[in-house]
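Asker: One structure follows; several queries about it will come next.
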Amino acid sequence: MPDTPAPDAGPLVTGSEIARLAGVTRAAVSNWRKRYDDFPTPVGGGIGSPLFAHAEVSAWLDKQRKGRHLSDEVRLWQALRGSHGDDMLGVLAEAARLLADPASGASASLPPEAVRLLGDAAEGGAAGETIEHLAERFTESIRRAGSDLVTSPRLVRAVRHAVGDLGADAVLFDPACGLGTLLLALSADQGSRRYGQEVDARSARFAQLRAELASHTGVEIASGDSLREDRWPDLRADVVVCDPPVTSGDWGREELLLDSRWEFGTPSRAEGELAWLQHAYAHTAPGGVVCMVMPASVAYRKAGRRIRAELVRRGVLTQVVALPPGSAAFHALPVHLWRLRRPKAPTDEAASVRMVDLTANKPDGPLEPRPDQMVDVPVIQLLDETVDLTPGRHVSSSPRDFAAEYERARQELTQLVGRLTELLPQLTEGGRSPVLGGPTVSVADLTRAGLVECGDSEPVSVSDQLDTDFLLGFLRGASHVRRSATSSGTFRFDARGARVPRMEIAEQRR
């Protein structure tokens, strides 16, 4: 299947657009492609997101009596896409401005057909629906291009599930809000306030207008680099959500080495995600939570071990969720959701971290874990040499019964101590052991008999009649050490002059 459109293919449509044309679901379009041999073949795109010639699709739909005319929303997108190609952010922001204020006049960047359609939408009271349609179409095109500039609908669903219900006057914050998709998707009362920041001024402007056109009140979105130029330095939110950019390695470490936000440690240049995490936590009010989308590698990379350890040790990290592969917009690798909570008091710290592994689920499957997909791991158990926070590592292993392990160890030690008392020799009434007071033989005699070899270090038994450990035990004894010490206090090891008891090999080993 070709990745680039065929020459002279004309306007192209995706499977979603064909579904809109025919008034059916995308699943129906997929079934048509399988059932009908004469369904148009793709002329562009990839295997996962093929593109079809609009003329061929329209002709086929008419032939099958399944077609209808292009909707105004589809015509608007095609007009904007046809004039600006893949550089859509600027023209989307202009389209949003014209929808919000039709009297302001159209800029030269908007094609005439788009200006007409935008005017009709504004006059017909469909400005909010139109702006959401444009945002949805832009998200789909970005996903097909393999970019991480937008948060996928699956990630939005997962974050929304993790955050849960919000209070009537909740304060929300997204320091990397993009088009505002994640920030505006959270269920909140009209009394809540939402704040965002986005480094791309065009995206920030689109997000602000999108909120206004969708009748979201109390929304303020600023433009600028959140890490280098925090536009909300005094903001403390009840909920902070973020899907941080991960493609750029330059997050400003050299400029921000002494920044007070690095409460858990200064991230390395390669750990920009941990910089965003601490930035989000710095904007969290006591009792507030952070829900952050993180690459799976952040859970185990060596460079971030110290920061992970501090998050766990201070009882700030409460949950790590491994989402199913395919949840992200631009790759099929699993991503994690990290949930942090700022304690209200020192006694409010988390004693365990809930690990949830949903990687075996389908991307659109349930987000509520089964009992076998989650485990609460005590903080002390996570603070090892690696501080690996990968949920699969902890969920897959069965929970340890520390009480049972202690009882088994205690019984083993009791048995060993009992055996030790049996092995120790008894002293006679005269105060001398039969071992220590019995007949002896010198090491020199053992050497001459070929039973012992005296090398450069200590003597070693070369016979099955003499145990080396038994021999060395007596050579290192206190009585022999006293004999080897001179009057001047120096020590001269004299193995050949030493003597050891005579006994059978079994007794030696006992």
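As shown in the structure tokens, the chain order sets the letters A, B, ...; within each chain, residues go from 1, and ligands are also counted from 1 in the order they appear.
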Considering only C-alpha atoms, return as JSON, numbers by chain whatever protein or nucleic-acid residues lie within 9 Å of Gly218 in chain A, sequence-local ones (same chain, fewer than 6 positions apart) excluded.

Answerer: {"A": [190, 191, 192, 193, 194, 195]}

Asker: Neighbouring residues of range 458-462 of chain A were defined as those with any atom within 10 Å, considering only C-alpha atoms; residues of the same chain fewer than 4 positions away were excluded. Please report them as an MDAnalysis selection string.

Answerer: chainID A and resid 443 446:447 450:454 466:472 475 493:496

Asker: If you run DSSP on this backbone, which residues of range 69-299 of chain A come out as strand (DSSP E), and could you give them as number ranges by chain?

Answerer: A: 171-174, 193-198, 219-223, 237-242, 284-295

Asker: Name the residues of range 265-445 of chain A that come out as helix (DSSP H, G or I) in a backbone DSSP run; write them as a ChimeraX atom specification.

Answerer: /A:272-282,296-299,302-313,346-348,371-373,379-382,391-395,402-423,434-437,443-445

Asker: So how far away is CA of His54 in chain A from CA of Lys34 in chain A, in Å?

Answerer: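 Straight-line distance from CA of Lys34 in chain A to CA of His54 in chain A works out to 18.9 Å.
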
Asker: If you measure from CA of Thr318 in chain A to CA of Val353 in chain A, what distance in Å do you get, rounded to one decimal?

Answerer: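 Separation of CA of Thr318 in chain A and CA of Val353 in chain A: 4.7 Å.
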
Asker: Go through A:Asp372, A:Asp38, A:Glu136, A:Asp230 one by one, measure the shortest atom-to-atom distance of each to Ala176 in chain A using only C-alpha atoms, and give the residue with the smallest value.

Answerer: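 Answer, going by the shortest atom-to-atom distance: A:Asp230.
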
Asker: Could you jot down the CA of Cys291 in chain A to CA of Arg137 in chain A separation for me, Å, one decimal place?

Answerer: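 CA of Arg137 in chain A lies at a distance of 25.9 Å from CA of Cys291 in chain A.
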
Asker: Which polymer residues have any atom within 8 Å of an atom of Val335 in chain A, counting only C-alpha atoms, with same-chain residues fewer than 2 positions away left out, as a ChimeraX atom specification?

Answerer: /A:293-296,322-325,327-328,333,337

Asker: Would you export the selected residues with N, CA and C atoms as a PDB file, in the first residue's frame, please?

Answerer:
```pdb
ATOM      1  N   VAL A 293       1.322  11.374  32.265  1.00  0.00           N
ATOM      2  CA  VAL A 293       1.617  10.350  31.268  1.00  0.00           C
ATOM      3  C   VAL A 293       3.130  10.230  31.145  1.00  0.00           C
ATOM      4  N   MET A 294       3.660   9.019  31.293  1.00  0.00           N
ATOM      5  CA  MET A 294       5.106   8.815  31.293  1.00  0.00           C
ATOM      6  C   MET A 294       5.497   7.662  30.368  1.00  0.00           C
ATOM      7  N   PRO A 295       6.627   7.786  29.652  1.00  0.00           N
ATOM      8  CA  PRO A 295       7.145   6.622  28.932  1.00  0.00           C
ATOM      9  C   PRO A 295       7.492   5.507  29.912  1.00  0.00           C
ATOM     10  N   ALA A 296       7.343   4.271  29.474  1.00  0.00           N
ATOM     11  CA  ALA A 296       7.583   3.138  30.370  1.00  0.00           C
ATOM     12  C   ALA A 296       9.020   3.100  30.880  1.00  0.00           C
ATOM     13  N   ALA A 322       0.353   0.738  34.170  1.00  0.00           N
ATOM     14  CA  ALA A 322       0.869   0.408  32.844  1.00  0.00           C
ATOM     15  C   ALA A 322      -0.318   0.215  31.910  1.00  0.00           C
ATOM     16  N   LEU A 323      -0.486   1.132  30.961  1.00  0.00           N
ATOM     17  CA  LEU A 323      -1.633   1.094  30.059  1.00  0.00           C
ATOM     18  C   LEU A 323      -1.397   0.094  28.928  1.00  0.00           C
ATOM     19  N   PRO A 324      -2.456  -0.348  28.256  1.00  0.00           N
ATOM     20  CA  PRO A 324      -2.295  -1.315  27.164  1.00  0.00           C
ATOM     21  C   PRO A 324      -1.502  -0.722  26.001  1.00  0.00           C
ATOM     22  N   PRO A 325      -0.747  -1.546  25.280  1.00  0.00           N
ATOM     23  CA  PRO A 325      -0.073  -1.066  24.071  1.00  0.00           C
ATOM     24  C   PRO A 325      -1.087  -0.493  23.087  1.00  0.00           C
ATOM     25  N   SER A 327      -2.183   2.687  23.424  1.00  0.00           N
ATOM     26  CA  SER A 327      -2.900   3.786  24.071  1.00  0.00           C
ATOM     27  C   SER A 327      -2.400   5.146  23.595  1.00  0.00           C
ATOM     28  N   ALA A 328      -1.105   5.231  23.261  1.00  0.00           N
ATOM     29  CA  ALA A 328      -0.542   6.488  22.788  1.00  0.00           C
ATOM     30  C   ALA A 328      -0.883   6.694  21.319  1.00  0.00           C
ATOM     31  N   LEU A 333       3.901   1.162  21.792  1.00  0.00           N
ATOM     32  CA  LEU A 333       4.525   0.776  23.043  1.00  0.00           C
ATOM     33  C   LEU A 333       3.633   1.153  24.226  1.00  0.00           C
ATOM     34  N   LEU A 337       0.863   5.704  33.565  1.00  0.00           N
ATOM     35  CA  LEU A 337       0.272   6.847  34.256  1.00  0.00           C
ATOM     36  C   LEU A 337       0.813   6.840  35.680  1.00  0.00           C
TER      37      LEU A 337
END
```

Asker: From the options A:Thr139, A:Gln64, A:Thr440, A:Gln208, which residue's atoms come nearest to Arg97 in chain A, counting only C-alpha atoms?

Answerer: A:Gln208

Asker: Find the residue from A:Val441, A:Cys242, A:Leu209, A:Leu383 that sits nearest to Gly497 in chain A; use only C-alpha atoms when measuring.

Answerer: A:Val441
